[in-house]
Structures are given as C-alpha cells and as structure tokens.
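Shown below: final.pdb, with PDB, C-alpha atoms.
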```pdb
ATOM      1  CA  MET A  13     -12.059  33.091  57.046
ATOM      2  CA  SER A  14      -8.825  32.923  55.074
ATOM      3  CA  GLN A  15      -8.939  32.938  51.320
ATOM      4  CA  SER A  16      -7.916  30.036  49.150
ATOM      5  CA  ARG A  17      -4.752  30.671  47.194
ATOM      6  CA  GLN A  18      -4.305  30.027  43.508
ATOM      7  CA  LEU A  19      -1.473  28.117  41.909
ATOM      8  CA  PRO A  20      -1.064  27.483  38.191
ATOM      9  CA  VAL A  21      -1.630  23.775  37.621
ATOM     10  CA  THR A  22       1.719  23.678  35.826
ATOM     11  CA  ALA A  23       3.454  24.791  39.063
ATOM     12  CA  LEU A  24       2.012  21.905  41.093
ATOM     13  CA  ALA A  25       4.926  19.529  40.536
ATOM     14  CA  ALA A  26       7.478  22.143  41.651
ATOM     15  CA  GLU A  27       5.479  22.981  44.794
ATOM     16  CA  LEU A  28       5.145  19.323  45.747
ATOM     17  CA  LYS A  29       8.860  18.771  45.151
ATOM     18  CA  ASP A  30       9.665  21.748  47.393
ATOM     19  CA  GLN A  31       7.511  20.189  50.126
ATOM     20  CA  SER A  32       8.882  16.661  49.494
ATOM     21  CA  ILE A  33       5.394  15.334  48.698
ATOM     22  CA  PRO A  34       5.126  12.677  45.951
ATOM     23  CA  LEU A  35       2.325  13.451  43.474
ATOM     24  CA  VAL A  36       0.420  10.294  44.397
ATOM     25  CA  GLN A  37       0.415  11.354  48.065
ATOM     26  CA  ALA A  38      -0.870  14.872  47.441
ATOM     27  CA  THR A  39      -4.570  15.424  48.071
ATOM     28  CA  ILE A  40      -5.989  16.588  44.732
ATOM     29  CA  TRP A  41      -9.727  16.841  44.176
ATOM     30  CA  ASP A  42     -11.105  17.071  40.647
ATOM     31  CA  VAL A  43     -14.501  18.692  41.215
ATOM     32  CA  ARG A  44     -15.990  18.036  37.762
ATOM     33  CA  ASP A  45     -18.763  15.502  37.226
ATOM     34  CA  LYS A  46     -17.813  11.834  36.958
ATOM     35  CA  ARG A  47     -18.168  11.688  33.170
ATOM     36  CA  ALA A  48     -15.737  14.572  32.656
ATOM     37  CA  TYR A  49     -13.346  13.060  35.227
ATOM     38  CA  LEU A  50     -13.351   9.697  33.414
ATOM     39  CA  GLU A  51     -12.634  11.415  30.081
ATOM     40  CA  GLY A  52      -9.335  12.619  31.514
ATOM     41  CA  HIS A  53      -7.991  13.824  34.846
ATOM     42  CA  LEU A  54      -4.702  14.867  36.353
ATOM     43  CA  GLU A  55      -2.653  11.943  37.614
ATOM     44  CA  GLY A  56      -3.330  11.503  41.326
ATOM     45  CA  ALA A  57      -6.634  13.391  41.353
ATOM     46  CA  VAL A  58      -9.698  11.965  43.085
ATOM     47  CA  ASN A  59     -13.190  12.758  41.791
ATOM     48  CA  GLN A  60     -15.265  14.837  44.260
ATOM     49  CA  PRO A  61     -17.978  16.535  42.141
ATOM     50  CA  VAL A  62     -18.920  19.969  43.459
ATOM     51  CA  GLU A  63     -22.546  19.352  42.431
ATOM     52  CA  GLN A  64     -22.774  16.559  45.017
ATOM     53  CA  GLY A  65     -21.611  18.921  47.750
ATOM     54  CA  PHE A  66     -19.147  18.385  50.559
ATOM     55  CA  THR A  67     -19.609  17.380  54.178
ATOM     56  CA  PRO A  68     -17.517  17.981  57.273
ATOM     57  CA  ALA A  69     -16.860  14.232  57.381
ATOM     58  CA  MET A  70     -15.203  14.385  53.935
ATOM     59  CA  LEU A  71     -12.792  16.992  55.258
ATOM     60  CA  ALA A  72     -12.250  15.594  58.753
ATOM     61  CA  ASP A  73      -9.007  13.717  58.060
ATOM     62  CA  LEU A  74      -7.481  16.252  55.680
ATOM     63  CA  THR A  75      -4.537  18.206  56.986
ATOM     64  CA  GLY A  76      -3.840  20.123  53.805
ATOM     65  CA  PRO A  77      -2.970  21.397  51.513
ATOM     66  CA  LEU A  78      -6.013  20.314  49.539
ATOM     67  CA  TYR A  79      -5.509  21.013  45.832
ATOM     68  CA  VAL A  80      -8.748  21.602  43.878
ATOM     69  CA  LEU A  81      -9.133  21.711  40.121
ATOM     70  CA  CYS A  82     -11.757  21.465  37.411
ATOM     71  CA  GLY A  83     -11.652  21.559  33.641
ATOM     72  CA  GLY A  84     -10.714  25.168  33.136
ATOM     73  CA  GLY A  85     -11.462  27.291  36.141
ATOM     74  CA  SER A  86     -15.159  27.844  36.878
ATOM     75  CA  LYS A  87     -15.975  25.056  39.340
ATOM     76  CA  ALA A  88     -12.767  24.948  41.389
ATOM     77  CA  PRO A  89     -13.184  28.417  42.977
ATOM     78  CA  ARG A  90     -16.804  27.579  43.873
ATOM     79  CA  ALA A  91     -15.710  24.260  45.390
ATOM     80  CA  ALA A  92     -12.911  25.955  47.324
ATOM     81  CA  ALA A  93     -15.353  28.477  48.802
ATOM     82  CA  LEU A  94     -17.696  25.664  49.928
ATOM     83  CA  ILE A  95     -14.796  23.733  51.462
ATOM     84  CA  LYS A  96     -13.550  26.834  53.318
ATOM     85  CA  GLU A  97     -17.057  27.383  54.725
ATOM     86  CA  LEU A  98     -16.942  23.879  56.209
ATOM     87  CA  ASN A  99     -13.322  24.044  57.372
ATOM     88  CA  PRO A 100     -11.848  27.556  57.457
ATOM     89  CA  GLU A 101      -8.522  26.288  58.818
ATOM     90  CA  LEU A 102      -7.824  23.896  55.928
ATOM     91  CA  GLU A 103      -5.340  25.159  53.338
ATOM     92  CA  VAL A 104      -7.155  24.997  49.998
ATOM     93  CA  VAL A 105      -5.221  25.632  46.788
ATOM     94  CA  ILE A 106      -7.078  26.252  43.525
ATOM     95  CA  LEU A 107      -5.116  24.835  40.596
ATOM     96  CA  SER A 108      -5.768  27.518  38.002
ATOM     97  CA  GLY A 109      -5.916  26.440  34.385
ATOM     98  CA  GLY A 110      -7.420  23.106  35.357
ATOM     99  CA  THR A 111      -7.200  19.876  33.442
ATOM    100  CA  ARG A 112      -7.245  21.596  30.039
ATOM    101  CA  GLN A 113      -4.094  23.589  30.865
ATOM    102  CA  ALA A 114      -2.433  20.550  32.415
ATOM    103  CA  LYS A 115      -3.053  18.564  29.236
ATOM    104  CA  ALA A 116      -1.849  21.409  27.017
ATOM    105  CA  GLU A 117       1.382  21.635  29.027
ATOM    106  CA  GLY A 118       2.067  17.907  28.805
ATOM    107  CA  LEU A 119       1.248  16.880  32.376
ATOM    108  CA  THR A 120       0.150  13.269  32.852
ATOM    109  CA  ILE A 121      -3.571  12.891  32.177
ATOM    110  CA  VAL A 122      -5.266   9.605  33.046
ATOM    111  CA  ARG A 123      -8.399   8.335  31.279
ATOM    112  CA  GLY A 124     -10.943   6.129  33.056
ATOM    113  CA  GLU A 125     -10.744   4.912  36.638
ATOM    114  CA  ALA A 126      -7.435   5.079  38.460
ATOM    115  CA  VAL A 127      -6.611   3.942  41.968
ATOM    116  CA  TYR A 128      -3.850   5.590  43.963
ATOM    117  CA  SER A 129      -2.549   4.636  47.352
ATOM    118  CA  SER A 130      -0.090   6.396  49.608
TER     119      SER A 130
END
```

Could you spell out this file's structure in structure tokens?
Amino acid sequence: MSQSRQLPVTALAAELKDQSIPLVQATIWDVRDKRAYLEGHLEGAVNQPVEQGFTPAMLADLTGPLYVLCGGGSKAPRAAALIKELNPELEVVILSGGTRQAKAEGLTIVRGEAVYSS
C-alpha cells in the first residue's frame, strides 16, 4: 500500500494551479466533526467526519487526488490511513497545518454551510 503524501495547506493553491484544477473542483475532505466544520472550513471543503467512518461507496467515484485536512493535524493522517485501507490506489494528500494554518495564512475560510458545484 502506498503512503499518503503531505502538502502544507498553504501550498494547495499552487498545486491546483499547476494541475489546472479550480479550487471548487478539487476534492477536499474536512474530517472534523460537523460543529467544528460549521465554525470555519477551507473554501471548497466537504465535511466527511472521520468518526463516522468511510465506506468503499464513498470512494468509488473519486479519481484523486483526494485532499484531506482537519483543524491542525491529528485527524487527517488517521483519516488518510483509513481511506488508503479501503482504496490503496487512490492518491490521498494530507493538508498539513489544517484549517488553523490556512486561517493564519489568510486563506479563504467559510463559516456555516456552503454548497459547491463543479
């Protein structure tokens, strides 16, 4: 099984630009609980709490990369490991620094519910 790679959350925009992927089309999972997600999450992130687990069906249509982040770094690596167990071929990227670092660096943080479409 291949390891997940880490990318500083502040480098996300540059990586997406290099791959010609608009932020709102990137697959970003915020793996914190819903309350923490609603208090503030990275623009474009979808809430998929690690505590609720993941299923093969959740990963079936993903082609990667799947970017995973949490508040500061403890839940994202655990979530990435669970995802890789279910789908070892999927490219999983842990956004190190999480939402706290993103906010500190001035990235767009959204409060409450947000709907994104591709």

In terms of the shortest atom-to-atom distance over all atoms listed in the file, which of A:Ser108, A:Asp73, A:Tyr49, A:Gly56 is closest to Pro34 (chain A)?
A:Gly56

Restricting the calculation to all atoms listed in the file: of A:Thr111, A:Ser16, A:Ser32, A:Gln64, which residue gets closest to Gly83 (chain A)?
A:Thr111

List as a PyMOL selection string the protein and nucleic acid residues near Val21 (chain A), meaning an atom at most 7 Å away when all atoms listed in the file are counted, but skip any in the same chain fewer than 2 places from it.
chain A and resi 19+23-24+107-110+114

Could those selected residues go to a file with C-alpha atoms, as a PDB file, in the frame of the given file?
```
ATOM      1  CA  LEU A  19      -1.473  28.117  41.909  1.00  0.00           C
ATOM      2  CA  ALA A  23       3.454  24.791  39.063  1.00  0.00           C
ATOM      3  CA  LEU A  24       2.012  21.905  41.093  1.00  0.00           C
ATOM      4  CA  LEU A 107      -5.116  24.835  40.596  1.00  0.00           C
ATOM      5  CA  SER A 108      -5.768  27.518  38.002  1.00  0.00           C
ATOM      6  CA  GLY A 109      -5.916  26.440  34.385  1.00  0.00           C
ATOM      7  CA  GLY A 110      -7.420  23.106  35.357  1.00  0.00           C
ATOM      8  CA  ALA A 114      -2.433  20.550  32.415  1.00  0.00           C
TER       9      ALA A 114
END
```

Around all listed atoms of region 70-86 of chain A, padded 5 Å per side, what centre and edge lengths does the axis-aligned box have in Å to one decimal, as lines of an AutoDock Vina configuration file?
```
center_x = -9.1
center_y = 20.8
center_z = 45.9
size_x = 22.2
size_y = 24.1
size_z = 35.6
```

What would the selection look like, as a ChimeraX atom specification, if the PyMOL selection byres ((chain A and resi 125) around 12) were run on the coordinates I just shared?
/A:46-59,121-124,126-128

How would the residues just picked look written out with C-alpha atoms as a tab-separated table (two decimals), in the frame of the given file?
```
chain	number	residue	atom	x	y	z
A	46	LYS	CA	-17.81	11.83	36.96
A	47	ARG	CA	-18.17	11.69	33.17
A	48	ALA	CA	-15.74	14.57	32.66
A	49	TYR	CA	-13.35	13.06	35.23
A	50	LEU	CA	-13.35	9.70	33.41
A	51	GLU	CA	-12.63	11.42	30.08
A	52	GLY	CA	-9.34	12.62	31.51
A	53	HIS	CA	-7.99	13.82	34.85
A	54	LEU	CA	-4.70	14.87	36.35
A	55	GLU	CA	-2.65	11.94	37.61
A	56	GLY	CA	-3.33	11.50	41.33
A	57	ALA	CA	-6.63	13.39	41.35
A	58	VAL	CA	-9.70	11.96	43.08
A	59	ASN	CA	-13.19	12.76	41.79
A	121	ILE	CA	-3.57	12.89	32.18
A	122	VAL	CA	-5.27	9.60	33.05
A	123	ARG	CA	-8.40	8.34	31.28
A	124	GLY	CA	-10.94	6.13	33.06
A	126	ALA	CA	-7.44	5.08	38.46
A	127	VAL	CA	-6.61	3.94	41.97
A	128	TYR	CA	-3.85	5.59	43.96
```

Pick from A:Ala93, A:Ala116, A:Leu28, A:Ile40: nearest to Gln15 (chain A), with all atoms listed in the file counted?
A:Ala93

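Evaluated against this file, the PyMOL selection byres ((chain A and resi 101) around 12) yields Met13, Ser14, Gln15, Ser16, Leu71, Ala72, Leu74, Thr75, Gly76, Pro77, Leu78, Ile95, Lys96, Glu97, Leu98, Asn99, Pro100, Leu102, Glu103 and Val104 of chain A.
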
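Of the residues listed (A:Gln60, A:Thr67, A:Gln113, A:Gln18), A:Gln60 shows the shortest atom-to-atom separation from Thr39 (chain A); distances use all atoms listed in the file.
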
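Interatomic distance, CA of Ala26 (chain A) against CA of Phe66 (chain A): 28.3 Å.
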
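CA of Arg44 (chain A) to CA of Cys82 (chain A) spans 5.5 Å [interatomic distance, one decimal].
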
Report, in Å with one decimal, the straight-line distance from CA of Ile33 (chain A) to CA of Glu63 (chain A).
28.9 Å

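With distances restricted to only C-alpha atoms, A:Ala92 is the closest residue to Val62 (chain A) from A:Lys115, A:Glu27, A:Gln37, A:Ala92.
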
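With all atoms listed in the file as the basis for measurement, A:Val80 is the residue among A:Asp45, A:Val80, A:Glu117, A:Ser86 that approaches Val105 (chain A) most closely.
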